[in-house]
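Below is coords.cif, which holds mmCIF, C-alpha atoms.
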data_structure
loop_
_atom_site.label_atom_id
_atom_site.label_comp_id
_atom_site.auth_asym_id
_atom_site.auth_seq_id
_atom_site.Cartn_x
_atom_site.Cartn_y
_atom_site.Cartn_z
CA MET A 1 -29.83 -4.78 19.32
CA ASN A 2 -31.53 -6.70 22.11
CA PHE A 3 -33.80 -5.33 24.86
CA LEU A 4 -30.99 -4.78 27.39
CA GLU A 5 -28.66 -3.14 24.87
CA GLU A 6 -31.50 -0.80 23.87
CA ARG A 7 -32.08 0.14 27.49
CA ILE A 8 -28.38 0.78 28.10
CA VAL A 9 -28.27 3.13 25.11
CA LYS A 10 -31.49 4.88 26.17
CA ASP A 11 -30.90 5.28 29.93
CA GLY A 12 -27.25 4.41 30.57
CA GLY A 13 -24.16 6.53 30.43
CA VAL A 14 -20.38 6.31 30.38
CA LYS A 15 -18.24 7.74 33.16
CA GLU A 16 -14.51 8.23 33.43
CA GLY A 17 -12.53 5.09 34.17
CA ASN A 18 -14.57 2.67 32.00
CA VAL A 19 -17.57 2.88 34.29
CA LEU A 20 -20.95 2.14 32.69
CA LYS A 21 -23.66 4.00 34.58
CA VAL A 22 -26.89 1.97 34.69
CA ASP A 23 -28.18 3.02 38.10
CA ARG A 24 -31.54 4.25 36.76
CA PHE A 25 -32.67 0.72 35.86
CA LEU A 26 -30.22 -1.96 37.03
CA ASN A 27 -28.22 -1.41 40.18
CA HIS A 28 -29.70 1.44 42.20
CA GLN A 29 -33.22 1.84 40.92
CA MET A 30 -34.39 -1.52 39.56
CA ASP A 31 -36.78 -1.91 36.63
CA ILE A 32 -38.61 -5.11 37.53
CA GLU A 33 -40.20 -5.48 34.09
CA LEU A 34 -36.70 -5.36 32.58
CA PHE A 35 -35.52 -7.90 35.19
CA ASN A 36 -38.44 -10.13 34.21
CA GLU A 37 -37.30 -10.07 30.57
CA MET A 38 -33.80 -10.92 31.76
CA GLY A 39 -35.18 -13.80 33.84
CA LYS A 40 -37.00 -15.23 30.81
CA GLU A 41 -33.87 -14.96 28.69
CA PHE A 42 -31.63 -16.64 31.28
CA TYR A 43 -34.19 -19.41 31.67
CA LYS A 44 -34.16 -19.95 27.90
CA ARG A 45 -30.35 -20.01 27.77
CA PHE A 46 -29.98 -22.50 30.65
CA GLU A 47 -33.13 -24.55 30.05
CA GLY A 48 -32.50 -28.26 30.45
CA LYS A 49 -29.82 -27.82 33.11
CA LYS A 50 -30.74 -29.43 36.42
CA ILE A 51 -30.26 -26.22 38.41
CA ASN A 52 -31.46 -26.37 42.01
CA LYS A 53 -29.89 -23.18 43.39
CA ILE A 54 -28.89 -19.72 42.24
CA LEU A 55 -25.87 -17.98 43.72
CA THR A 56 -25.06 -14.27 43.50
CA ILE A 57 -23.10 -11.71 45.46
CA GLU A 58 -24.48 -8.78 47.39
CA ALA A 59 -25.79 -6.35 46.57
CA SER A 60 -26.55 -5.56 42.93
CA GLY A 61 -26.95 -9.15 41.78
CA ILE A 62 -29.67 -10.01 44.29
CA GLY A 63 -32.62 -8.41 42.49
CA ILE A 64 -31.80 -10.03 39.16
CA ALA A 65 -31.12 -13.40 40.80
CA CYS A 66 -34.49 -13.36 42.58
CA ILE A 67 -36.39 -12.79 39.34
CA VAL A 68 -34.37 -15.49 37.54
CA ALA A 69 -35.09 -17.89 40.43
CA GLN A 70 -38.83 -17.56 39.82
CA TYR A 71 -38.36 -19.14 36.40
CA PHE A 72 -36.27 -22.02 37.74
CA HIS A 73 -38.39 -22.43 40.92
CA VAL A 74 -35.27 -22.57 43.09
CA PRO A 75 -33.91 -20.60 46.04
CA VAL A 76 -31.34 -17.81 45.81
CA VAL A 77 -28.22 -17.72 47.97
CA PHE A 78 -26.17 -14.56 48.07
CA ALA A 79 -22.59 -14.30 49.22
CA LYS A 80 -22.35 -11.70 51.97
CA LYS A 81 -19.54 -9.17 52.03
CA ALA A 82 -19.40 -9.09 55.81
CA LYS A 83 -19.75 -11.69 58.53
CA SER A 84 -22.94 -11.18 60.47
CA ILE A 85 -24.54 -12.77 63.50
CA ASN A 86 -27.10 -14.31 61.11
CA ILE A 87 -24.45 -16.64 59.68
CA GLU A 88 -23.98 -19.33 62.27
CA GLY A 89 -21.43 -22.09 62.14
CA GLU A 90 -18.90 -22.77 59.43
CA SER A 91 -18.73 -20.80 56.22
CA TYR A 92 -17.13 -20.86 52.80
CA VAL A 93 -15.01 -17.75 52.25
CA ALA A 94 -13.38 -16.23 49.15
CA ASP A 95 -11.50 -13.01 48.49
CA VAL A 96 -12.88 -10.81 45.71
CA GLU A 97 -11.93 -7.42 44.36
CA SER A 98 -14.59 -5.04 43.04
CA PHE A 99 -13.72 -3.23 39.80
CA THR A 100 -16.30 -0.49 40.45
CA HIS A 101 -15.55 0.12 44.12
CA LYS A 102 -11.80 -0.61 43.98
CA VAL A 103 -11.92 -2.57 47.24
CA LYS A 104 -11.17 -6.15 48.26
CA ASN A 105 -13.80 -8.01 50.24
CA GLN A 106 -14.11 -11.43 51.72
CA VAL A 107 -17.39 -12.95 50.64
CA ILE A 108 -19.06 -15.51 52.86
CA VAL A 109 -21.63 -18.27 52.33
CA SER A 110 -22.82 -20.45 55.18
CA LYS A 111 -22.11 -24.15 54.77
CA LYS A 112 -25.77 -24.71 55.74
CA VAL A 113 -27.03 -23.31 52.40
CA LEU A 114 -24.60 -24.85 49.91
CA SER A 115 -23.85 -28.58 49.70
CA PRO A 116 -22.33 -31.16 47.32
CA GLU A 117 -25.81 -31.96 45.95
CA ASP A 118 -26.27 -28.41 44.65
CA ARG A 119 -26.19 -27.65 40.93
CA VAL A 120 -25.67 -23.91 40.86
CA LEU A 121 -26.41 -21.15 38.38
CA ILE A 122 -24.40 -18.01 39.15
CA ILE A 123 -26.18 -14.73 38.32
CA ASP A 124 -24.65 -11.25 38.54
CA ASP A 125 -25.15 -7.77 37.13
CA PHE A 126 -21.67 -7.04 35.76
CA LEU A 127 -18.58 -8.88 34.57
CA ALA A 128 -15.37 -6.87 34.19
CA ASN A 129 -12.18 -8.58 35.40
CA GLY A 130 -13.93 -11.71 36.69
CA CYS A 131 -12.78 -11.47 40.31
CA ALA A 132 -16.27 -11.81 41.80
CA LEU A 133 -17.08 -14.79 39.58
CA LEU A 134 -13.83 -16.54 40.43
CA GLY A 135 -14.64 -16.05 44.12
CA LEU A 136 -18.15 -17.50 43.70
CA ILE A 137 -16.78 -20.43 41.65
CA SER A 138 -14.24 -21.07 44.42
CA ILE A 139 -17.03 -21.16 47.02
CA ILE A 140 -19.09 -23.59 44.92
CA GLN A 141 -16.07 -25.84 44.44
CA SER A 142 -15.28 -25.72 48.18
CA ALA A 143 -18.83 -26.95 48.83
CA GLY A 144 -18.34 -29.83 46.40
CA ALA A 145 -21.24 -28.45 44.34
CA SER A 146 -21.22 -27.93 40.56
CA VAL A 147 -21.38 -24.76 38.48
CA GLU A 148 -24.09 -25.37 35.86
CA GLY A 149 -23.71 -21.99 34.22
CA ILE A 150 -23.11 -18.29 34.69
CA GLY A 151 -25.55 -15.56 33.68
CA ILE A 152 -24.40 -11.95 33.49
CA ALA A 153 -26.51 -8.93 32.65
CA ILE A 154 -23.68 -6.77 31.28
CA GLU A 155 -20.20 -7.95 30.35
CA LYS A 156 -17.42 -5.52 29.57
CA GLY A 157 -15.94 -7.40 26.63
CA PHE A 158 -12.87 -5.16 26.53
CA GLN A 159 -11.83 -6.37 29.99
CA PRO A 160 -10.43 -9.87 30.60
CA GLY A 161 -13.14 -11.44 32.81
CA GLY A 162 -15.23 -13.04 30.07
CA THR A 163 -12.22 -14.60 28.40
CA VAL A 164 -10.90 -15.93 31.71
CA ILE A 165 -14.23 -17.55 32.64
CA ARG A 166 -14.87 -19.00 29.16
CA ASN A 167 -11.32 -20.40 29.05
CA LEU A 168 -12.11 -22.29 32.27
CA GLY A 169 -14.84 -24.10 30.33
CA TYR A 170 -17.95 -22.60 31.93
CA GLN A 171 -21.11 -21.77 30.00
CA LEU A 172 -21.11 -17.98 30.34
CA GLU A 173 -24.15 -16.17 28.98
CA SER A 174 -24.06 -12.37 28.96
CA LEU A 175 -27.18 -10.51 27.84
CA ALA A 176 -25.19 -7.47 26.68
CA ILE A 177 -21.47 -7.43 25.90
CA VAL A 178 -19.96 -3.97 25.66
CA GLU A 179 -17.02 -3.97 23.21
CA SER A 180 -16.10 -0.34 23.79
CA MET A 181 -17.30 2.84 25.47
CA ASP A 182 -16.27 6.44 24.97
CA GLU A 183 -16.70 8.75 27.94
CA LYS A 184 -16.29 11.86 25.75
CA THR A 185 -18.96 11.00 23.19
CA GLY A 186 -21.03 8.62 25.32
CA GLU A 187 -20.90 6.06 22.50
CA ILE A 188 -21.34 2.41 23.52
CA VAL A 189 -20.53 -0.37 21.04
CA PHE A 190 -21.92 -3.86 21.66
CA ARG A 191 -20.53 -7.21 20.51
CA GLU A 192 -22.66 -9.05 18.01
CA GLN A 193 -24.10 -12.20 19.62
#

Before anything else, please render the file you have as structure tokens.
Amino acid sequence: MNFLEERIVKDGGVKEGNVLKVDRFLNHQMDIELFNEMGKEFYKRFEGKKINKILTIEASGIGIACIVAQYFHVPVVFAKKAKSINIEGESYVADVESFTHKVKNQVIVSKKVLSPEDRVLIIDDFLANGCALLGLISIIQSAGASVEGIGIAIEKGFQPGGTVIRNLGYQLESLAIVESMDEKTGEIVFREQ
């Protein structure tokens, strides 16, 4: 069992509807030492790639992406879920649906921060159905940039997102892959990696 799997077992929980509760260390309260370990691991898994930008989606992916970016010495861009006055000019836009929040959002990235020269590492906290990743991939492709890899903290292996993304040919690295969860017993089973 790796460091993230151990933390999920220790401080996580399972809620009704296949929801993995990790808000005490990942996506509400953030454990920066844990994020640092994740950053080191993502750097190791994507070492040698000529990554010059990290892309994530607001809000839960931002903290992890920022720590990962320190290892690659590159900036972080995050797709916004709402148009704001801070985004001037033309933008790349994609529709995404959130598994956790059960809502559809348009995510937006300014054309000023993503260009054809960019070699992008996508970082996010969760992968379930893959909708957010497909939206981010679409934005990168619209910019003429390249997806160099995708790093996910927790993948729900029993949902289709991981299979969809891997079948598209992307290097997808998930630090913890949950094979099954039982809300009644709280048991979480991880995929061997």

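With CA of Ser60 in chain A on one side and CA of Gln193 in chain A on the other, the separation reads 24.4 Å.
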
Do you know which residues lie at most 9 Å from (-20.8, 8.3, 28.5), with coordinates as in the file and only C-alpha atoms counted, and could you write them as a list of chain:residue names?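 Within 9 Å of (-20.8, 8.3, 28.5), the protein and nucleic acid residues are A:Gly12, A:Gly13, A:Val14, A:Lys15, A:Glu16, A:Val19, A:Leu20, A:Lys21, A:Met181, A:Asp182, A:Glu183, A:Lys184, A:Thr185, A:Gly186, A:Glu187, A:Ile188.
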
Write the selection just made, keeping C-alpha atoms, as a CSV table (one decimal), in the frame of the given file?
chain,number,residue,atom,x,y,z
A,12,GLY,CA,-27.2,4.4,30.6
A,13,GLY,CA,-24.2,6.5,30.4
A,14,VAL,CA,-20.4,6.3,30.4
A,15,LYS,CA,-18.2,7.7,33.2
A,16,GLU,CA,-14.5,8.2,33.4
A,19,VAL,CA,-17.6,2.9,34.3
A,20,LEU,CA,-21.0,2.1,32.7
A,21,LYS,CA,-23.7,4.0,34.6
A,181,MET,CA,-17.3,2.8,25.5
A,182,ASP,CA,-16.3,6.4,25.0
A,183,GLU,CA,-16.7,8.8,27.9
A,184,LYS,CA,-16.3,11.9,25.8
A,185,THR,CA,-19.0,11.0,23.2
A,186,GLY,CA,-21.0,8.6,25.3
A,187,GLU,CA,-20.9,6.1,22.5
A,188,ILE,CA,-21.3,2.4,23.5

Expected selection from the PyMOL selection byres ((chain A and resi 94) around 8), given as a PyMOL selection string: chain A and resi 92-93+95-96+106-108+135-136+138-139

Keeping only C-alpha atoms, write the selected residues as a short mmCIF file (atom, residue, chain, number, x, y, z; two decimals), in the coordinates of the input.
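Once written, part_6.cif looks like this:
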data_model
loop_
_atom_site.label_atom_id
_atom_site.label_comp_id
_atom_site.auth_asym_id
_atom_site.auth_seq_id
_atom_site.Cartn_x
_atom_site.Cartn_y
_atom_site.Cartn_z
CA TYR A 92 -17.13 -20.86 52.80
CA VAL A 93 -15.01 -17.75 52.25
CA ASP A 95 -11.50 -13.01 48.49
CA VAL A 96 -12.88 -10.81 45.71
CA GLN A 106 -14.11 -11.43 51.72
CA VAL A 107 -17.39 -12.95 50.64
CA ILE A 108 -19.06 -15.51 52.86
CA GLY A 135 -14.64 -16.05 44.12
CA LEU A 136 -18.15 -17.50 43.70
CA SER A 138 -14.24 -21.07 44.42
CA ILE A 139 -17.03 -21.16 47.02
#

Residue members of the PyMOL selection byres ((chain A and resi 191) around 8) in the file shown, as a PyMOL selection string: chain A and resi 157+176-179+189-190+192-193

Could you name the residues that touch range 36-53 of chain A at 6 Å or less, counting all atoms listed in the file, but leaving out those on the same chain fewer than 6 positions away, as a PyMOL selection string? chain A and resi 67-68+74-75+119-120

Of the candidates A:Val9, A:Gln141, A:Asp124, A:Lys112, which one gets nearest to Cys66 in chain A if we count only C-alpha atoms?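 Using only C-alpha atoms, the shortest distance to Cys66 in chain A belongs to A:Asp124.
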
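As for CA of Lys111 in chain A and CA of Ser142 in chain A, they are spaced 9.6 Å apart.
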
Enclosing box along x, y and z for every listed atom of range 7-25 of chain A, padded 6 Å each side, centre and size in Å, one decimal, as AutoDock Vina command-line options:
--center_x -22.6 --center_y 4.2 --center_z 31.6 --size_x 32.1 --size_y 20.1 --size_z 25.0

Written as a PyMOL selection string, what is the full residue list that the PyMOL selection byres ((chain A and resi 78) around 9) yields on the file shown? chain A and resi 54-59+61-62+65+76-77+79-80+108-109

Gln171 in chain A surroundings by all atoms listed in the file, 10 Å radius, close-in-sequence under 2 positions cut, as a PyMOL selection string: chain A and resi 45-46+121+147-151+165-169+173-174

For the atom pair CA of Gly130 in chain A and CA of Glu97 in chain A, what is the interatomic distance in Å to one decimal place? 9.0 Å

9 Å contact set for Ile32 in chain A, all atoms listed in the file, chain neighbours under 6 positions out, as a PDB file with C-alpha atoms, keeping the file's coordinate frame:
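As written to disk, result26.pdb reads:
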ATOM      1  CA  PHE A  25     -32.670   0.720  35.860  1.00  0.00           C
ATOM      2  CA  LEU A  26     -30.220  -1.960  37.030  1.00  0.00           C
ATOM      3  CA  GLY A  63     -32.620  -8.410  42.490  1.00  0.00           C
ATOM      4  CA  ILE A  64     -31.800 -10.030  39.160  1.00  0.00           C
ATOM      5  CA  ILE A  67     -36.390 -12.790  39.340  1.00  0.00           C
TER       6      ILE A  67
END

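Compared by their closest atoms to Ser115 in chain A, and using only C-alpha atoms, the residues A:Leu133, A:Ala143, A:Glu155, A:Lys10 rank with A:Ala143 nearest.
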
From the options A:Pro160, A:Glu6, A:Asp125, A:Cys131, which residue's atoms come nearest to Met30 in chain A, counting all atoms listed in the file?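 Of A:Pro160, A:Glu6, A:Asp125, A:Cys131, the one nearest Met30 in chain A, counting all atoms listed in the file, is A:Asp125.
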
With all atoms listed in the file as the basis for distance, which of A:Ile122, A:Ala153, A:Ala145, A:Leu172 is at the shortest distance from Asn27 in chain A?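 Looking at the shortest contact to Asn27 in chain A, the residue is A:Ala153.
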
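Considering the residues A:Val113, A:Val103, A:Ile140, A:Ala128 and counting only C-alpha atoms, Asn18 in chain A has its shortest atom-to-atom contact with A:Ala128.
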
Closest to Arg7 in chain A among A:Asn129, A:Ser91, A:Thr163, A:Val22, using only C-alpha atoms?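 Ranking A:Asn129, A:Ser91, A:Thr163, A:Val22 by distance to Arg7 in chain A, first place goes to A:Val22.
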
Mind writing range 1-39 of chain A to a file for me, with C-alpha atoms, as a PDB file, in the first residue's frame?
ATOM      1  CA  MET A   1       0.000   0.000   0.000  1.00  0.00           C
ATOM      2  CA  ASN A   2       1.485   3.354  -0.980  1.00  0.00           C
ATOM      3  CA  PHE A   3       1.472   6.601   1.025  1.00  0.00           C
ATOM      4  CA  LEU A   4      -1.752   7.946  -0.513  1.00  0.00           C
ATOM      5  CA  GLU A   5      -3.633   4.663  -0.158  1.00  0.00           C
ATOM      6  CA  GLU A   6      -2.574   4.528   3.502  1.00  0.00           C
ATOM      7  CA  ARG A   7      -3.859   8.045   4.063  1.00  0.00           C
ATOM      8  CA  ILE A   8      -7.179   7.278   2.368  1.00  0.00           C
ATOM      9  CA  VAL A   9      -7.674   4.262   4.645  1.00  0.00           C
ATOM     10  CA  LYS A  10      -6.652   6.242   7.744  1.00  0.00           C
ATOM     11  CA  ASP A  11      -8.542   9.519   7.178  1.00  0.00           C
ATOM     12  CA  GLY A  12     -10.950   8.913   4.289  1.00  0.00           C
ATOM     13  CA  GLY A  13     -14.447   7.550   4.246  1.00  0.00           C
ATOM     14  CA  VAL A  14     -17.101   6.205   1.912  1.00  0.00           C
ATOM     15  CA  LYS A  15     -20.432   7.952   1.440  1.00  0.00           C
ATOM     16  CA  GLU A  16     -23.577   6.875  -0.341  1.00  0.00           C
ATOM     17  CA  GLY A  17     -23.447   7.111  -4.127  1.00  0.00           C
ATOM     18  CA  ASN A  18     -19.814   5.983  -4.589  1.00  0.00           C
ATOM     19  CA  VAL A  19     -18.444   9.152  -3.038  1.00  0.00           C
ATOM     20  CA  LEU A  20     -14.990   8.884  -1.461  1.00  0.00           C
ATOM     21  CA  LYS A  21     -14.676  11.451   1.316  1.00  0.00           C
ATOM     22  CA  VAL A  22     -11.126  12.829   1.513  1.00  0.00           C
ATOM     23  CA  ASP A  23     -11.893  16.382   2.596  1.00  0.00           C
ATOM     24  CA  ARG A  24      -9.683  16.206   5.706  1.00  0.00           C
ATOM     25  CA  PHE A  25      -6.485  16.026   3.640  1.00  0.00           C
ATOM     26  CA  LEU A  26      -7.100  16.471  -0.097  1.00  0.00           C
ATOM     27  CA  ASN A  27      -9.931  18.678  -1.255  1.00  0.00           C
ATOM     28  CA  HIS A  28     -11.162  20.865   1.590  1.00  0.00           C
ATOM     29  CA  GLN A  29      -8.365  20.859   4.120  1.00  0.00           C
ATOM     30  CA  MET A  30      -5.094  20.252   2.277  1.00  0.00           C
ATOM     31  CA  ASP A  31      -2.135  18.379   3.757  1.00  0.00           C
ATOM     32  CA  ILE A  32       0.802  20.098   2.095  1.00  0.00           C
ATOM     33  CA  GLU A  33       3.317  17.462   3.215  1.00  0.00           C
ATOM     34  CA  LEU A  34       1.146  14.823   1.523  1.00  0.00           C
ATOM     35  CA  PHE A  35       0.912  17.052  -1.581  1.00  0.00           C
ATOM     36  CA  ASN A  36       4.699  17.325  -1.559  1.00  0.00           C
ATOM     37  CA  GLU A  37       5.001  13.524  -1.635  1.00  0.00           C
ATOM     38  CA  MET A  38       2.517  13.477  -4.498  1.00  0.00           C
ATOM     39  CA  GLY A  39       4.554  16.123  -6.333  1.00  0.00           C
TER      40      GLY A  39
END
